[in-house]
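Pasting entry-v2.txt here (compact mmCIF, C-alpha atoms and all ligand atoms):
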# COMPACT_ATOMS: atom_id res chain seq x y z
CA MET T 25 3.21 12.98 -18.49
CA GLN T 26 -0.26 11.70 -17.64
CA LEU T 27 -0.85 10.53 -14.08
CA PRO T 28 -4.21 8.81 -14.41
CA ALA T 29 -3.64 6.62 -11.38
CA MET T 30 -3.03 9.52 -9.06
CA GLU T 31 -5.23 12.41 -9.85
CA GLN T 32 -7.74 13.65 -7.28
CA SER T 33 -8.64 10.81 -4.94
CA VAL T 34 -12.05 10.21 -3.41
CA LYS T 35 -12.36 12.72 -0.59
CA VAL T 36 -13.48 11.28 2.71
CA LYS T 37 -14.44 12.70 6.08
CA VAL T 38 -12.67 11.54 9.25
CA GLU T 39 -14.69 11.69 12.46
CA VAL T 40 -13.27 11.10 15.90
CA SER T 41 -16.12 10.98 18.35
CA ASP T 42 -15.74 11.18 22.13
CA VAL T 43 -12.60 9.06 22.22
CA SER T 44 -10.81 8.29 25.48
CA LEU T 45 -7.61 6.30 25.83
CA ALA T 46 -5.46 5.46 28.84
CA TYR T 47 -2.18 3.59 29.19
CA ASP T 48 -2.49 1.53 32.36
CA ARG T 49 -4.47 4.02 34.36
CA THR T 50 -2.90 7.17 32.94
CA PRO T 51 -5.37 9.00 30.69
CA VAL T 52 -3.71 10.13 27.47
CA LEU T 53 -6.75 11.18 25.42
CA ARG T 54 -9.83 12.52 27.20
CA ALA T 55 -13.16 12.71 25.37
CA VAL T 56 -11.57 13.83 22.12
CA SER T 57 -13.94 14.77 19.30
CA VAL T 58 -12.69 16.11 15.96
CA THR T 59 -14.21 16.13 12.49
CA VAL T 60 -11.85 16.51 9.56
CA GLU T 61 -13.70 17.53 6.40
CA PRO T 62 -13.16 15.79 3.06
CA GLY T 63 -10.03 17.12 1.35
CA GLU T 64 -9.00 19.21 4.33
CA PHE T 65 -5.39 19.81 5.38
CA PHE T 66 -5.85 19.52 9.13
CA ALA T 67 -3.18 19.91 11.84
CA LEU T 68 -2.99 18.38 15.31
CA LEU T 69 -0.89 20.85 17.27
CA GLY T 70 0.31 20.56 20.85
CA PRO T 71 3.35 20.39 23.08
CA SER T 72 5.37 17.20 23.37
CA GLY T 73 3.45 14.51 25.26
CA SER T 74 0.03 16.08 24.63
CA GLY T 75 -1.27 12.96 22.85
CA LYS T 76 -0.90 13.92 19.17
CA SER T 77 0.83 10.73 18.01
CA THR T 78 -1.50 8.62 20.12
CA LEU T 79 -4.51 10.18 18.37
CA LEU T 80 -2.96 9.77 14.93
CA ARG T 81 -2.08 6.13 15.61
CA LEU T 82 -5.62 5.60 16.80
CA ILE T 83 -7.01 6.90 13.50
CA ALA T 84 -4.56 4.61 11.68
CA GLY T 85 -5.68 1.67 13.79
CA PHE T 86 -2.38 1.02 15.62
CA ASN T 87 -3.92 2.03 18.97
CA GLN T 88 -7.10 0.94 20.63
CA ALA T 89 -9.34 3.38 22.52
CA GLN T 90 -11.29 2.49 25.66
CA SER T 91 -14.32 4.40 24.47
CA GLY T 92 -15.55 6.45 21.54
CA ARG T 93 -15.78 5.89 17.81
CA ILE T 94 -13.74 6.58 14.70
CA LEU T 95 -15.47 6.97 11.35
CA ILE T 96 -13.69 7.16 8.00
CA GLY T 97 -15.92 8.07 5.08
CA GLY T 98 -18.93 7.53 7.33
CA GLU T 99 -17.90 3.96 8.20
CA ASP T 100 -17.16 2.99 11.80
CA VAL T 101 -13.61 1.59 11.65
CA SER T 102 -13.15 1.10 15.39
CA ARG T 103 -12.89 -2.65 14.80
CA VAL T 104 -11.22 -2.52 11.37
CA PRO T 105 -7.49 -3.43 11.39
CA PRO T 106 -4.97 -0.84 10.10
CA TRP T 107 -4.31 -2.60 6.77
CA ARG T 108 -8.02 -2.40 5.86
CA ARG T 109 -8.48 1.28 6.73
CA ASP T 110 -7.16 2.74 3.44
CA ILE T 111 -4.82 5.00 5.33
CA GLY T 112 -1.28 6.09 4.51
CA MET T 113 1.00 7.15 7.30
CA VAL T 114 4.34 8.96 7.12
CA PHE T 115 6.51 8.63 10.22
CA GLN T 116 8.93 11.16 11.62
CA ASN T 117 11.97 8.94 10.92
CA TYR T 118 10.71 8.04 7.38
CA ALA T 119 11.35 4.30 8.04
CA LEU T 120 12.88 3.69 4.59
CA TRP T 121 14.64 0.43 3.75
CA PRO T 122 18.32 1.40 3.51
CA HIS T 123 19.32 -1.51 1.25
CA LYS T 124 16.47 -1.00 -1.23
CA THR T 125 16.54 1.59 -4.02
CA VAL T 126 14.17 4.55 -3.98
CA ALA T 127 11.93 2.84 -6.56
CA GLU T 128 11.93 -0.41 -4.55
CA ASN T 129 11.01 1.49 -1.41
CA VAL T 130 8.07 3.12 -3.18
CA ALA T 131 7.04 -0.20 -4.75
CA PHE T 132 7.13 -2.09 -1.46
CA GLY T 133 3.59 -1.39 -0.28
CA LEU T 134 2.23 -2.15 -3.75
CA GLU T 135 3.99 -5.51 -3.89
CA GLU T 136 2.56 -6.34 -0.48
CA ARG T 137 -0.86 -5.60 -1.95
CA ARG T 138 0.01 -7.94 -4.85
CA LEU T 139 -0.64 -5.46 -7.63
CA PRO T 140 0.35 -6.59 -11.14
CA LYS T 141 3.92 -5.66 -12.12
CA HIS T 142 2.96 -3.12 -14.80
CA ALA T 143 0.57 -1.36 -12.40
CA ILE T 144 3.32 -1.15 -9.82
CA ARG T 145 5.71 0.38 -12.36
CA THR T 146 3.13 2.97 -13.41
CA ARG T 147 2.31 3.94 -9.84
CA VAL T 148 5.95 4.16 -8.74
CA THR T 149 6.77 6.40 -11.69
CA ALA T 150 3.76 8.59 -11.00
CA ALA T 151 4.48 8.88 -7.27
CA LEU T 152 8.15 9.74 -7.83
CA GLU T 153 7.16 12.29 -10.44
CA LEU T 154 4.69 13.91 -8.04
CA VAL T 155 7.44 14.50 -5.47
CA GLY T 156 10.00 15.52 -8.10
CA LEU T 157 12.22 12.46 -7.71
CA GLN T 158 11.67 10.88 -11.15
CA ASP T 159 15.44 10.77 -11.76
CA TYR T 160 16.35 9.21 -8.39
CA GLY T 161 14.61 5.83 -8.59
CA ALA T 162 17.88 3.87 -8.76
CA ARG T 163 19.54 5.53 -5.76
CA ARG T 164 19.52 4.24 -2.21
CA PRO T 165 18.16 6.38 0.66
CA GLY T 166 21.70 6.92 1.98
CA GLN T 167 22.58 8.70 -1.26
CA LEU T 168 19.82 11.29 -0.79
CA SER T 169 19.54 14.50 1.25
CA GLY T 170 17.15 14.66 4.22
CA GLY T 171 14.57 16.51 2.15
CA GLN T 172 14.76 13.93 -0.63
CA GLN T 173 14.37 11.06 1.85
CA GLN T 174 11.31 12.79 3.24
CA ARG T 175 9.87 12.96 -0.29
CA VAL T 176 10.52 9.23 -0.80
CA ALA T 177 8.58 8.52 2.40
CA VAL T 178 5.69 10.62 1.07
CA ALA T 179 5.88 9.02 -2.39
CA ARG T 180 5.80 5.56 -0.85
CA THR T 181 2.68 6.48 1.09
CA ILE T 182 0.74 8.15 -1.73
CA ALA T 183 1.64 5.30 -4.13
CA ILE T 184 -0.85 3.07 -2.32
CA GLU T 185 -3.51 5.73 -3.00
CA PRO T 186 -4.84 5.94 0.54
CA LYS T 187 -8.09 7.74 1.29
CA VAL T 188 -6.50 9.53 4.23
CA LEU T 189 -2.93 10.74 4.63
CA LEU T 190 -1.54 10.87 8.17
CA LEU T 191 1.76 12.68 8.77
CA ASP T 192 3.48 12.49 12.16
CA GLU T 193 5.96 15.40 12.47
CA PRO T 194 7.15 14.71 8.93
CA LEU T 195 9.41 17.76 8.75
CA SER T 196 11.07 17.77 12.15
CA ASN T 197 14.25 16.00 10.96
CA LEU T 198 14.98 18.72 8.42
CA ASP T 199 16.94 21.92 8.94
CA ALA T 200 15.00 25.15 9.41
CA LYS T 201 15.17 26.46 5.82
CA LEU T 202 14.28 23.13 4.25
CA ARG T 203 11.42 22.69 6.69
CA VAL T 204 9.83 25.92 5.47
CA TYR T 205 10.33 24.91 1.84
CA MET T 206 9.04 21.35 2.30
CA ARG T 207 5.88 22.38 4.16
CA ALA T 208 4.77 24.44 1.17
CA GLU T 209 5.60 21.51 -1.07
CA LEU T 210 3.57 19.12 1.09
CA LEU T 211 0.58 21.42 0.93
CA ALA T 212 0.90 21.79 -2.86
CA LEU T 213 0.98 18.01 -3.21
CA GLN T 214 -2.01 17.58 -0.91
CA ARG T 215 -3.97 20.14 -2.96
CA LYS T 216 -3.06 18.34 -6.18
CA LEU T 217 -4.25 14.98 -4.80
CA GLY T 218 -7.17 16.41 -2.85
CA ILE T 219 -6.60 13.83 -0.13
CA THR T 220 -7.89 14.37 3.40
CA THR T 221 -4.71 14.97 5.41
CA ILE T 222 -3.97 15.07 9.13
CA PHE T 223 -0.63 16.56 10.01
CA VAL T 224 0.91 16.35 13.50
CA THR T 225 3.31 19.03 14.67
CA HIS T 226 4.49 20.69 17.88
CA ASP T 227 5.50 23.75 15.86
CA GLN T 228 2.75 26.35 15.96
CA GLU T 229 4.19 28.36 13.08
CA GLU T 230 4.21 25.24 10.91
CA ALA T 231 0.60 24.44 11.82
CA LEU T 232 -0.65 28.00 11.27
CA SER T 233 1.15 28.50 7.98
CA ILE T 234 -0.21 25.56 5.98
CA SER T 235 -3.37 24.20 7.61
CA ASP T 236 -6.99 24.78 6.71
CA ARG T 237 -7.86 24.15 10.36
CA VAL T 238 -5.99 23.21 13.50
CA ALA T 239 -6.95 21.27 16.63
CA VAL T 240 -4.81 22.21 19.63
CA LEU T 241 -4.22 19.46 22.20
CA ASP T 242 -2.92 19.84 25.72
CA GLY T 243 -2.83 17.04 28.27
CA GLY T 244 -4.95 14.83 26.01
CA VAL T 245 -7.75 17.40 25.84
CA ILE T 246 -8.72 19.37 22.74
CA GLN T 247 -8.39 23.00 23.77
CA GLN T 248 -9.67 24.58 20.58
CA ILE T 249 -10.40 23.78 16.95
CA GLY T 250 -10.38 26.53 14.36
CA THR T 251 -8.74 28.15 11.39
CA PRO T 252 -5.27 29.56 12.04
CA ILE T 253 -6.70 33.09 12.12
CA GLU T 254 -9.46 32.10 14.57
CA LEU T 255 -6.92 30.55 16.94
CA TYR T 256 -4.68 33.58 16.77
CA ASP T 257 -7.37 36.27 17.01
CA SER T 258 -9.84 34.53 19.31
CA PRO T 259 -7.97 32.14 21.60
CA ALA T 260 -10.43 30.17 23.71
CA ASN T 261 -8.23 30.25 26.81
CA ARG T 262 -4.87 31.41 28.12
CA PHE T 263 -3.18 28.17 27.04
CA ILE T 264 -4.09 28.82 23.40
CA ALA T 265 -3.21 32.51 23.70
CA ASN T 266 0.23 31.58 24.98
CA PHE T 267 0.86 28.60 22.69
CA VAL T 268 -0.31 30.06 19.38
CA GLY T 269 1.91 33.00 18.47
CA THR T 270 3.78 35.22 20.93
CA ILE T 271 1.86 37.03 23.64
CA ASN T 272 2.29 39.05 26.82
CA LEU T 273 0.33 37.78 29.83
CA VAL T 274 -0.08 40.17 32.76
CA ARG T 275 -1.60 39.08 36.07
CA GLY T 276 -3.95 41.28 38.04
CA ARG T 277 -7.53 41.78 39.14
CA ALA T 278 -10.65 42.57 37.15
CA ALA T 279 -13.57 44.61 38.47
CA ARG T 280 -16.83 45.33 36.71
CA SER T 281 -17.22 48.92 35.54
CA ASP T 282 -19.39 50.88 33.11
CA GLY T 283 -19.69 48.84 29.91
CA GLY T 284 -16.66 46.72 30.63
CA VAL T 285 -13.96 45.90 33.10
CA THR T 286 -11.29 47.82 34.97
CA PHE T 287 -8.18 45.69 35.17
CA GLU T 288 -5.55 46.55 37.73
CA SER T 289 -2.07 45.08 37.96
CA PRO T 290 1.26 45.99 39.56
CA ALA T 291 2.88 45.91 36.10
CA ILE T 292 0.75 48.32 34.11
CA GLY T 293 -1.51 49.95 36.69
CA ARG T 294 -5.12 50.50 35.74
CA ILE T 295 -6.58 49.91 32.29
CA LEU T 296 -10.21 50.18 31.21
CA LEU T 297 -11.34 47.35 28.91
CA PRO T 298 -14.62 48.26 27.20
CA GLY T 299 -16.79 45.26 26.35
CA ALA T 300 -14.78 42.85 28.50
CA VAL T 301 -16.44 40.59 31.05
CA GLY T 302 -14.86 39.12 34.17
CA GLU T 303 -14.28 39.64 37.83
CA GLY T 304 -11.62 38.74 40.37
CA ALA T 305 -8.18 37.28 39.69
CA ALA T 306 -7.51 37.58 35.97
CA GLU T 307 -4.88 37.88 33.31
CA ILE T 308 -4.71 40.10 30.27
CA ALA T 309 -3.10 39.04 27.02
CA ILE T 310 -1.57 41.47 24.53
CA ARG T 311 0.21 40.62 21.25
CA PRO T 312 3.65 42.23 20.82
CA HIS T 313 2.65 43.98 17.58
CA ALA T 314 -0.39 45.55 19.29
CA ILE T 315 1.92 47.61 21.49
CA VAL T 316 3.50 50.87 20.39
CA LEU T 317 6.53 52.53 21.92
CA ALA T 318 7.19 56.24 22.29
CA GLN T 319 10.16 58.24 23.46
CA SER T 320 10.02 59.22 27.07
CA GLY T 321 8.36 62.64 27.34
CA ALA T 322 6.93 62.58 23.79
CA ALA T 323 3.27 63.47 23.13
CA THR T 324 1.22 60.26 23.10
CA ASP T 325 -2.07 59.03 21.69
CA PRO T 326 -4.72 59.45 24.45
CA ALA T 327 -6.70 56.45 23.15
CA ARG T 328 -4.01 54.21 24.54
CA THR T 329 -3.00 53.43 28.11
CA TRP T 330 0.65 54.38 28.67
CA VAL T 331 3.19 53.09 31.15
CA ASP T 332 6.83 53.99 31.59
CA GLY T 333 9.46 51.34 31.13
CA THR T 334 13.09 50.68 30.33
CA VAL T 335 14.42 48.76 27.33
CA GLU T 336 15.99 45.59 28.65
CA ALA T 337 16.88 43.86 25.38
CA ARG T 338 16.25 44.11 21.67
CA GLU T 339 16.48 41.79 18.70
CA PHE T 340 16.84 43.30 15.26
CA LEU T 341 14.86 41.03 12.91
CA GLY T 342 14.92 43.10 9.71
CA GLU T 343 11.24 43.81 9.10
CA PHE T 344 10.75 44.60 12.76
CA VAL T 345 12.57 45.03 16.04
CA ARG T 346 11.50 42.92 19.01
CA TYR T 347 11.99 44.72 22.32
CA VAL T 348 11.78 43.39 25.84
CA ILE T 349 10.72 46.28 28.07
CA GLU T 350 10.87 46.24 31.85
CA VAL T 351 7.78 47.86 33.37
CA ASN T 352 7.40 47.88 37.15
CA GLY T 353 9.23 44.59 37.52
CA ALA T 354 7.39 42.80 34.69
CA GLU T 355 8.64 42.12 31.17
CA ILE T 356 6.66 43.20 28.13
CA THR T 357 7.56 42.12 24.60
CA ALA T 358 6.83 44.72 21.92
CA ASP T 359 7.39 44.50 18.16
CA GLU T 360 7.99 47.66 16.18
CA PRO T 361 8.10 47.68 12.37
CA HIS T 362 11.52 48.82 11.23
CA PHE T 363 12.27 51.59 8.73
CA SER T 364 15.64 53.27 8.26
CA ASP T 365 14.27 56.67 9.29
CA ARG T 366 12.56 55.39 12.41
CA VAL T 367 13.82 55.74 15.98
CA THR T 368 15.21 52.57 17.50
CA TYR T 369 15.84 52.19 21.22
CA LYS T 370 18.85 50.71 22.96
CA PRO T 371 18.97 48.65 26.13
CA GLY T 372 18.80 51.09 29.06
CA ASP T 373 16.71 53.69 27.17
CA PRO T 374 13.58 54.91 28.96
CA VAL T 375 10.46 54.40 26.79
CA ARG T 376 6.71 54.73 27.03
CA VAL T 377 4.66 51.61 26.35
CA GLY T 378 1.29 52.25 24.70
CA ILE T 379 -1.48 49.66 25.01
CA ASP T 380 -4.65 49.78 22.93
CA PRO T 381 -7.46 48.52 25.23
CA ALA T 382 -9.45 47.31 22.22
CA ARG T 383 -6.68 44.79 21.47
CA VAL T 384 -6.42 43.40 25.01
CA LYS T 385 -7.97 39.99 25.85
CA LEU T 386 -9.03 39.14 29.40
CA PHE T 387 -8.87 35.61 30.84
CA PRO T 388 -9.81 34.33 34.29
CA ALA T 389 -6.62 33.46 36.19
N1 LIG T 401 2.82 2.84 24.50
C1 LIG T 401 2.72 3.70 25.53
N2 LIG T 401 2.63 3.25 26.82
C2 LIG T 401 2.51 4.10 27.83
N3 LIG T 401 2.45 5.45 27.70
C3 LIG T 401 2.56 5.96 26.46
C4 LIG T 401 2.70 5.12 25.31
N4 LIG T 401 2.76 5.91 24.21
C5 LIG T 401 2.68 7.19 24.65
N5 LIG T 401 2.55 7.22 25.99
C6 LIG T 401 2.37 8.44 26.81
O1 LIG T 401 1.25 9.12 26.34
C7 LIG T 401 1.43 10.52 26.34
C8 LIG T 401 1.19 11.09 24.97
O2 LIG T 401 2.17 10.60 24.09
P1 LIG T 401 2.19 10.97 22.53
O3 LIG T 401 0.86 10.73 21.94
O4 LIG T 401 3.35 10.29 21.92
O5 LIG T 401 2.45 12.55 22.61
P2 LIG T 401 2.91 13.58 21.46
O6 LIG T 401 2.90 12.87 20.15
O7 LIG T 401 1.92 14.70 21.54
O8 LIG T 401 4.27 14.06 21.86
C9 LIG T 401 2.84 10.75 26.85
O9 LIG T 401 2.75 11.06 28.21
C10 LIG T 401 3.52 9.43 26.63
O10 LIG T 401 4.53 9.22 27.57
MG MG T 402 4.49 12.49 18.83

Structure rendered as structure tokens:
Amino acid sequence: MQLPAMEQSVKVKVEVSDVSLAYDRTPVLRAVSVTVEPGEFFALLGPSGSGKSTLLRLIAGFNQAQSGRILIGGEDVSRVPPWRRDIGMVFQNYALWPHKTVAENVAFGLEERRLPKHAIRTRVTAALELVGLQDYGARRPGQLSGGQQQRVAVARTIAIEPKVLLLDEPLSNLDAKLRVYMRAELLALQRKLGITTIFVTHDQEEALSISDRVAVLDGGVIQQIGTPIELYDSPANRFIANFVGTINLVRGRAARSDGGVTFESPAIGRILLPGAVGEGAAEIAIRPHAIVLAQSGAATDPARTWVDGTVEAREFLGEFVRYVIEVNGAEITADEPHFSDRVTYKPGDPVRVGIDPARVKLFPA
């Protein structure tokens, strides 16, 4: 079937420039600046209460900022009401009309815009087809699964052909398996439409897996903006290091030494970090898969720094085993790829923990 009404939309840029917002006197967004490129799938990631929904609602026009500007397609919309912003928003709870059919739900926004009847029919059919619900138009939301309801909410939003698609935790009401399936589907749909999309989530795995770029918010402040790989490999601070992916943080002291830093901590003793810069109270960050384990007493790679520990717990995850190792009173998480002929350790086993200094990041504490 032809979908002339809904192929590739005009791609617009969304610019949030130095925006601050407070409720009463409590600051919720502080000098937030983000540029979302035309056609980008962009995530706003942060813990609960960090200001993600507030920022999204601000872009939609439901919130008012105290200062700063919002541009959509180069036009300052700070004083443009939500219904004139050409924006489609999908809410976490879908907000479907329970007594209307699926087709009537999708048609609703088009009727409000007073489109001719035949145009509404064409757009509803096209939108339902895009989300794979062409045979469900006559059902009511209550007769659909959670995933199907979510698709109706998306269909209803794209039917109005917005220039920007805003999604506020659209997958968080779905069970874990469906969430993984639906996020890929959302991305495929976004790619098909080419629509600039801003996706809010508190789930770092969700953000990393489907986004072109991610802005991480904490306490109303943008901590870092980058591609998923940039955030993971080059976290700007310890918050990002800890929030994006799993990481070990070890407290200690840094001292300048030849071509780098000597870091000393009660947990892992002394480790030389070539190329690092820093002095005084500091923390090092090490990813679990950058650590190797060896049997106690075995010959070990001298390029690594080794400390003795005891296996405290392990989780068998199929592709790899995640160990928690006790070293001098601290806990270190280490991931080892699993193969049937490879040694696995049990809780209580003594092990050696090998750290590659080249894979250690240093942050001021
Ligand atoms: N209408 C409001 N009035 C007062 N405070 C609010 C209002 N909406 C949100 N907040 C507060 O603003 C902060 C950010 O909220 P929100 O943007 O919903 O966070 P997130 O979506 O990241 O979980 C929270 O501390 C929240 O309690
Ligand atoms: Mg929210």

> Rounded to one decimal in Å, what is the spacing between CA of Glu307 (chain T) and CA of Asp380 (chain T)?
Replying inline: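 Separation of CA of Glu307 (chain T) and CA of Asp380 (chain T): 15.8 Å.
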
If you take all atoms listed in the file and a cut-off of 8 Å, which residues of region 301-325 of chain T touch region 274-281 of chain T, and what are their nearest atom pairs and distances in Å to one decimal, in chain and number order, as CSV?
residue,atom,partner,partner_atom,distance
T:Val301,CA,T:Arg280,CA,7.4
T:Gly302,CA,T:Ala278,CA,6.2
T:Glu303,CA,T:Ala278,CA,4.7
T:Gly304,CA,T:Ala278,CA,5.1
T:Ala305,CA,T:Arg277,CA,4.6
T:Ala306,CA,T:Arg277,CA,5.3
T:Glu307,CA,T:Arg275,CA,4.5
T:Ile308,CA,T:Val274,CA,5.3
T:Ala309,CA,T:Val274,CA,6.6

C-alpha atoms of the current selection, written as a PDB file, in the coordinates of the input:
ATOM      1  CA  VAL T 301     -16.440  40.590  31.050  1.00  0.00           C
ATOM      2  CA  GLY T 302     -14.860  39.120  34.170  1.00  0.00           C
ATOM      3  CA  GLU T 303     -14.280  39.640  37.830  1.00  0.00           C
ATOM      4  CA  GLY T 304     -11.620  38.740  40.370  1.00  0.00           C
ATOM      5  CA  ALA T 305      -8.180  37.280  39.690  1.00  0.00           C
ATOM      6  CA  ALA T 306      -7.510  37.580  35.970  1.00  0.00           C
ATOM      7  CA  GLU T 307      -4.880  37.880  33.310  1.00  0.00           C
ATOM      8  CA  ILE T 308      -4.710  40.100  30.270  1.00  0.00           C
ATOM      9  CA  ALA T 309      -3.100  39.040  27.020  1.00  0.00           C
TER      10      ALA T 309
END

Show me which residues sit within 7 Å of ligand MG 402 (chain T) when counting only C-alpha atoms and all ligand atoms, and put them as a PDB file with C-alpha atoms, keeping the file's coordinate frame.
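The result, written out as result-v2.pdb:
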ATOM      1  CA  SER T  72       5.370  17.200  23.370  1.00  0.00           C
ATOM      2  CA  GLY T  73       3.450  14.510  25.260  1.00  0.00           C
ATOM      3  CA  LYS T  76      -0.900  13.920  19.170  1.00  0.00           C
ATOM      4  CA  SER T  77       0.830  10.730  18.010  1.00  0.00           C
ATOM      5  CA  ASP T 192       3.480  12.490  12.160  1.00  0.00           C
TER       6      ASP T 192
END

> Distance CA of Phe267 (chain T)-CA of Gln228 (chain T), one decimal place?
Replying inline: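 These two atoms are separated by 7.3 Å.
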
> Any idea what the distance is between CA of Ala119 (chain T) and CA of Glu136 (chain T)?
Replying inline: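 According to the coordinates, CA of Ala119 (chain T) and CA of Glu136 (chain T) are separated by 16.2 Å.
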
>> Taking all atoms listed in the file and a cut-off of 10 Å, can you tell me which residues surround ligand LIG 401 (chain T), written as a PyMOL selection string?
In response: chain T and resi 45-53+68-82+87+192-193+224-226+241-244
